[in-house]
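structure-v9.txt follows (compact mmCIF, C-alpha atoms):
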# COMPACT_ATOMS: atom_id res chain seq x y z
CA MET A 1 -14.15 -8.81 -10.47
CA LEU A 2 -10.48 -8.28 -11.26
CA SER A 3 -9.42 -8.69 -14.86
CA THR A 4 -7.08 -11.54 -15.76
CA THR A 5 -4.08 -10.69 -17.92
CA SER A 6 -0.75 -12.33 -18.63
CA ARG A 7 0.75 -10.17 -15.89
CA THR A 8 -1.90 -10.81 -13.24
CA THR A 9 -2.32 -14.54 -13.80
CA LEU A 10 -0.71 -16.38 -10.88
CA GLY A 11 1.89 -18.98 -11.73
CA ARG A 12 2.29 -20.45 -8.23
CA SER A 13 0.00 -20.85 -5.21
CA LYS A 14 -3.02 -20.07 -7.33
CA GLU A 15 -5.31 -20.98 -4.45
CA ARG A 16 -4.14 -17.83 -2.69
CA GLY A 17 -5.30 -15.58 -5.49
CA SER A 18 -8.48 -13.54 -5.34
CA THR A 19 -10.43 -11.97 -8.18
CA ASP A 20 -12.72 -10.09 -5.81
CA ARG A 21 -12.25 -6.36 -6.35
CA ASN A 22 -13.36 -5.77 -2.76
CA ASP A 23 -10.27 -7.67 -1.59
CA LEU A 24 -8.11 -5.34 -3.69
CA HIS A 25 -9.77 -2.30 -2.11
CA GLU A 26 -9.31 -3.75 1.39
CA VAL A 27 -5.59 -4.35 0.88
CA LEU A 28 -5.09 -0.84 -0.47
CA ASP A 29 -7.33 0.98 2.00
CA THR A 30 -5.70 -0.54 5.07
CA GLY A 31 -2.14 0.15 3.91
CA LEU A 32 0.09 3.16 4.48
CA VAL A 33 3.01 2.74 2.09
CA CYS A 34 3.28 1.29 -1.40
CA HIS A 35 6.31 0.50 -3.52
CA LEU A 36 6.48 2.06 -6.97
CA GLY A 37 8.51 0.21 -9.56
CA VAL A 38 9.71 2.06 -12.66
CA VAL A 39 12.32 1.56 -15.35
CA MET A 40 14.95 4.31 -15.49
CA ASN A 41 17.60 4.36 -18.19
CA GLY A 42 16.96 0.70 -18.86
CA HIS A 43 17.24 -0.34 -15.22
CA PRO A 44 14.50 -1.20 -12.70
CA MET A 45 14.08 0.98 -9.64
CA VAL A 46 11.65 0.56 -6.73
CA VAL A 47 10.86 3.33 -4.25
CA PRO A 48 8.49 3.48 -1.26
CA THR A 49 5.91 6.24 -1.28
CA GLY A 50 2.54 7.26 0.11
CA TYR A 51 -0.67 6.75 -1.83
CA GLY A 52 -4.41 7.16 -1.74
CA ARG A 53 -7.37 5.66 -3.58
CA ILE A 54 -10.42 7.28 -5.13
CA GLY A 55 -12.70 4.73 -6.73
CA GLU A 56 -10.69 2.74 -9.25
CA THR A 57 -7.74 5.13 -9.36
CA LEU A 58 -4.63 5.09 -7.21
CA TYR A 59 -2.85 8.39 -6.57
CA LEU A 60 0.83 8.77 -5.70
CA HIS A 61 2.85 11.91 -5.14
CA GLY A 62 6.37 13.24 -4.82
CA SER A 63 8.61 16.17 -5.62
CA THR A 64 8.41 17.57 -9.14
CA GLY A 65 12.18 17.08 -9.20
CA ALA A 66 11.98 13.37 -8.45
CA THR A 67 13.43 11.42 -11.37
CA THR A 68 11.31 8.37 -10.52
CA LEU A 69 8.08 10.33 -10.97
CA ARG A 70 9.28 11.79 -14.25
CA ALA A 71 10.17 8.29 -15.43
CA ALA A 72 6.76 7.01 -14.34
CA ASP A 73 4.77 9.65 -16.22
CA GLY A 74 3.40 7.96 -19.31
CA GLY A 75 5.41 4.81 -18.70
CA GLU A 76 4.59 1.31 -17.53
CA VAL A 77 4.83 0.97 -13.76
CA CYS A 78 4.16 -1.61 -11.08
CA VAL A 79 2.83 -0.71 -7.63
CA THR A 80 2.72 -3.16 -4.73
CA VAL A 81 1.20 -3.07 -1.24
CA THR A 82 1.82 -5.84 1.30
CA HIS A 83 0.55 -6.56 4.81
CA VAL A 84 2.31 -9.16 6.97
CA ASP A 85 -0.28 -10.69 9.32
CA GLY A 86 1.80 -13.40 10.93
CA ILE A 87 4.74 -15.78 10.73
CA VAL A 88 3.73 -19.36 10.02
CA LEU A 89 5.95 -21.78 11.94
CA ALA A 90 5.86 -25.29 10.58
CA ARG A 91 7.41 -28.55 11.71
CA SER A 92 10.04 -28.26 9.01
CA VAL A 93 12.03 -25.28 7.82
CA PHE A 94 10.85 -25.85 4.25
CA HIS A 95 7.21 -25.25 5.15
CA HIS A 96 7.69 -22.09 7.19
CA SER A 97 5.65 -19.31 5.61
CA VAL A 98 3.99 -15.94 6.13
CA ASN A 99 0.33 -15.02 6.43
CA TYR A 100 -0.11 -11.96 4.26
CA ARG A 101 -2.34 -9.84 2.05
CA SER A 102 -0.80 -8.31 -1.05
CA ALA A 103 -1.81 -6.39 -4.13
CA VAL A 104 0.09 -5.76 -7.36
CA ILE A 105 -1.10 -3.12 -9.82
CA TYR A 106 0.22 -2.76 -13.36
CA GLY A 107 -0.46 0.06 -15.76
CA ARG A 108 0.63 3.24 -17.45
CA ALA A 109 0.83 6.11 -14.98
CA ARG A 110 -0.19 9.62 -15.91
CA LEU A 111 0.78 12.95 -14.45
CA VAL A 112 -2.28 14.71 -13.06
CA THR A 113 -2.57 18.25 -14.40
CA ASP A 114 -6.20 19.08 -13.73
CA PRO A 115 -6.22 21.32 -10.60
CA GLU A 116 -9.34 19.78 -9.08
CA GLU A 117 -8.11 16.22 -9.59
CA ARG A 118 -4.69 17.13 -8.17
CA MET A 119 -6.27 18.46 -4.98
CA ALA A 120 -8.55 15.44 -4.74
CA GLY A 121 -5.56 13.13 -5.16
CA LEU A 122 -3.55 14.97 -2.51
CA ARG A 123 -6.51 14.82 -0.15
CA ALA A 124 -6.78 11.07 -0.71
CA LEU A 125 -3.08 10.71 0.10
CA SER A 126 -3.46 12.72 3.31
CA GLU A 127 -6.58 10.87 4.40
CA GLN A 128 -4.90 7.51 3.77
CA LEU A 129 -2.26 8.35 6.38
CA ALA A 130 -4.38 10.33 8.84
CA PRO A 131 -8.15 10.42 8.25
CA GLY A 132 -9.56 13.82 9.19
CA GLN A 133 -6.23 15.64 8.97
CA TRP A 134 -6.84 17.31 5.59
CA ASP A 135 -9.67 19.47 6.93
CA TYR A 136 -7.85 20.13 10.21
CA VAL A 137 -4.61 21.68 8.94
CA ARG A 138 -3.68 24.42 6.45
CA GLN A 139 -4.26 23.55 2.80
CA PRO A 140 -1.27 23.53 0.41
CA ASN A 141 -0.44 26.91 -1.07
CA ARG A 142 0.50 27.72 -4.66
CA LYS A 143 4.24 27.31 -4.06
CA GLU A 144 3.78 23.93 -2.39
CA LEU A 145 1.49 22.71 -5.16
CA ALA A 146 4.03 23.78 -7.77
CA ALA A 147 6.66 21.64 -6.04
CA THR A 148 4.44 18.57 -5.87
CA ALA A 149 3.74 16.07 -8.62
CA VAL A 150 0.72 13.76 -8.49
CA LEU A 151 0.50 10.53 -10.48
CA ALA A 152 -2.65 8.57 -11.24
CA LEU A 153 -2.75 4.86 -11.92
CA SER A 154 -5.83 2.89 -12.93
CA LEU A 155 -6.70 -0.20 -10.88
CA GLU A 156 -7.92 -1.98 -14.00
CA GLU A 157 -5.01 -4.45 -14.12
CA ALA A 158 -4.31 -5.83 -10.65
CA SER A 159 -3.83 -9.07 -8.77
CA VAL A 160 -4.39 -10.00 -5.13
CA LYS A 161 -2.84 -12.81 -3.09
CA ILE A 162 -3.83 -13.76 0.45
CA ARG A 163 -2.52 -16.45 2.78
CA ARG A 164 -4.30 -17.24 6.02
CA GLY A 165 -4.31 -20.10 8.44
CA ALA A 166 -2.09 -22.79 9.92
CA PRO A 167 1.10 -24.33 8.53
CA LYS A 168 0.87 -27.13 5.98
CA ASP A 169 3.36 -29.83 6.76
CA GLU A 170 4.27 -33.14 5.18
CA GLU A 171 2.06 -35.94 6.49
CA GLU A 172 4.99 -37.75 8.08
CA ASP A 173 6.02 -34.60 9.97
CA TYR A 174 2.77 -34.14 11.93
CA ASP A 175 3.98 -36.67 14.51
CA LEU A 176 7.22 -34.79 15.21
CA PRO A 177 7.52 -33.41 18.79
CA VAL A 178 7.83 -29.87 17.43
CA TRP A 179 5.58 -26.89 18.19
CA ALA A 180 3.90 -25.50 15.10
CA GLY A 181 1.44 -22.67 14.60
CA VAL A 182 1.12 -19.01 13.74
CA LEU A 183 2.82 -16.06 15.42
CA PRO A 184 0.38 -13.20 14.68
CA LEU A 185 1.74 -9.76 13.86
CA VAL A 186 -0.44 -6.81 14.85
CA THR A 187 0.43 -3.16 14.20
CA THR A 188 -1.05 -0.63 16.61
CA TRP A 189 -0.83 3.12 17.07
CA GLY A 190 1.10 4.49 20.03
CA GLU A 191 0.39 7.59 22.09
CA PRO A 192 0.64 10.83 20.06
CA GLU A 193 3.94 12.65 20.66
CA PRO A 194 3.47 16.44 20.55
CA ASP A 195 5.89 18.64 18.62
CA PRO A 196 8.30 20.33 21.08
CA MET A 197 7.45 23.64 19.36
CA LEU A 198 3.73 23.20 20.11
CA PRO A 199 2.35 25.97 22.36
CA GLU A 200 0.68 24.94 25.59
CA GLY A 201 -3.05 24.40 25.48
CA ILE A 202 -3.21 22.77 22.04
CA ASP A 203 -4.37 19.19 22.48
CA ALA A 204 -4.33 16.47 19.86
CA PRO A 205 -7.60 16.47 17.87
CA VAL A 206 -10.18 13.73 18.24
CA HIS A 207 -9.35 12.13 14.89
CA ILE A 208 -5.76 11.60 16.11
CA LEU A 209 -6.59 10.52 19.67
CA HIS A 210 -9.18 7.99 18.53
CA ARG A 211 -7.28 6.59 15.55
CA GLU A 212 -8.00 2.91 15.10

Any chance you could put this one into structure tokens?
Amino acid sequence: MLSTTSRTTLGRSKERGSTDRNDLHEVLDTGLVCHLGVVMNGHPMVVPTGYGRIGETLYLHGSTGATTLRAADGGEVCVTVTHVDGIVLARSVFHHSVNYRSAVIYGRARLVTDPEERMAGLRALSEQLAPGQWDYVRQPNRKELAATAVLALSLEEASVKIRRGAPKDEEEDYDLPVWAGVLPLVTTWGEPEPDPMLPEGIDAPVHILHRE
């Protein structure tokens, strides 16, 4: 179960909240990009970045020169992941909505310095984007590792909101001659596009061709 804190307690649409930790994992594991919110010089800043999960820890990475990562190290941060599953078209503009799954994680980020944990975190990031790719390509070398910072954030304090289903209109509006329903949004992978510098005879690996 997810813990309830002053920051994770929902103020509106409480029926959309979930305290099931499995729902949190599902939202995170099926995403590709998160948004990292930090406070820099007294001002909020939000940046998109890749991430990966190992157990109850979220890993993020970036350049060691990135000011946002330096600001995040040891500081309070907020990370969000959102999936849009459909546009909900109601009989009135007021009741238009979105079907979605979202997660918000709060906590104090830490810079990962342990070599084994850093590599595990980077692997999780790679596998989040392209499962199977980490073992297929060259591993990062010492220079590349020195240029890369990895942050860890506990999933202890998190909230999940999910909206599914049809529009909810005012009772008097159900008789209006207006179409209402859900316009589903589905994201799919396209055909792999080979690098123009790729020599002939090198085909895309199975884990890329059969990506679901």

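A straight line drawn from atom CA of A:Gly52 to atom CA of A:Asp203 is 27.0 Å long.
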
Spatial neighbours of A:Asp169, 9 Å, only C-alpha atoms, chain gap at least 4 places, as a ChimeraX atom specification = /A:90-92,94-96,173-174

Keeping C-alpha atoms for every residue in the selection just given, could you write it to a file as a PDB file, keeping the file's coordinate frame?
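Here's the written file selection-v8.pdb:
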ATOM      1  CA  ALA A  90       5.860 -25.290  10.580  1.00  0.00           C
ATOM      2  CA  ARG A  91       7.410 -28.550  11.710  1.00  0.00           C
ATOM      3  CA  SER A  92      10.040 -28.260   9.010  1.00  0.00           C
ATOM      4  CA  PHE A  94      10.850 -25.850   4.250  1.00  0.00           C
ATOM      5  CA  HIS A  95       7.210 -25.250   5.150  1.00  0.00           C
ATOM      6  CA  HIS A  96       7.690 -22.090   7.190  1.00  0.00           C
ATOM      7  CA  ASP A 173       6.020 -34.600   9.970  1.00  0.00           C
ATOM      8  CA  TYR A 174       2.770 -34.140  11.930  1.00  0.00           C
TER       9      TYR A 174
END

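Of the residues under consideration (A:Thr148, A:Thr113, A:Thr30, A:Thr9), A:Thr148 shows the shortest atom-to-atom contact distance to A:Ser63 when counting only C-alpha atoms.
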
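For the choices A:Ala109, A:Val104, A:Leu129, A:Ala152, the atom-to-atom distance to A:Leu60 is smallest for A:Ala152 when using only C-alpha atoms.
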
Counting only C-alpha atoms, which of A:Val38, A:Val47, A:Val178, A:Val79 gets nearest to A:Val93?
->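 Among A:Val38, A:Val47, A:Val178, A:Val79, it is A:Val178 that comes nearest to A:Val93.
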
Find the residue from A:Lys143, A:His210, A:Arg101, A:Arg110 that sits nearest to A:Tyr59; use all atoms listed in the file when measuring.
->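 For A:Tyr59, the nearest of the candidates is A:Arg110.
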
What's the 10 Å shell around A:Leu58, counting all atoms listed in the file, without same-chain residues fewer than 4 positions away, as a ChimeraX atom specification?
-> /A:28,51-54,79,105,109,121,124-125,151-155

Option closest in space to A:Thr68, from A:Leu36, A:Met1, A:Ala103, A:Val84 [counting only C-alpha atoms] |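 For A:Thr68, the nearest of the given residues is A:Leu36.
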
Separation of atom CA of A:Asp135 and atom CA of A:Val206, in Å?
-> 12.7 Å
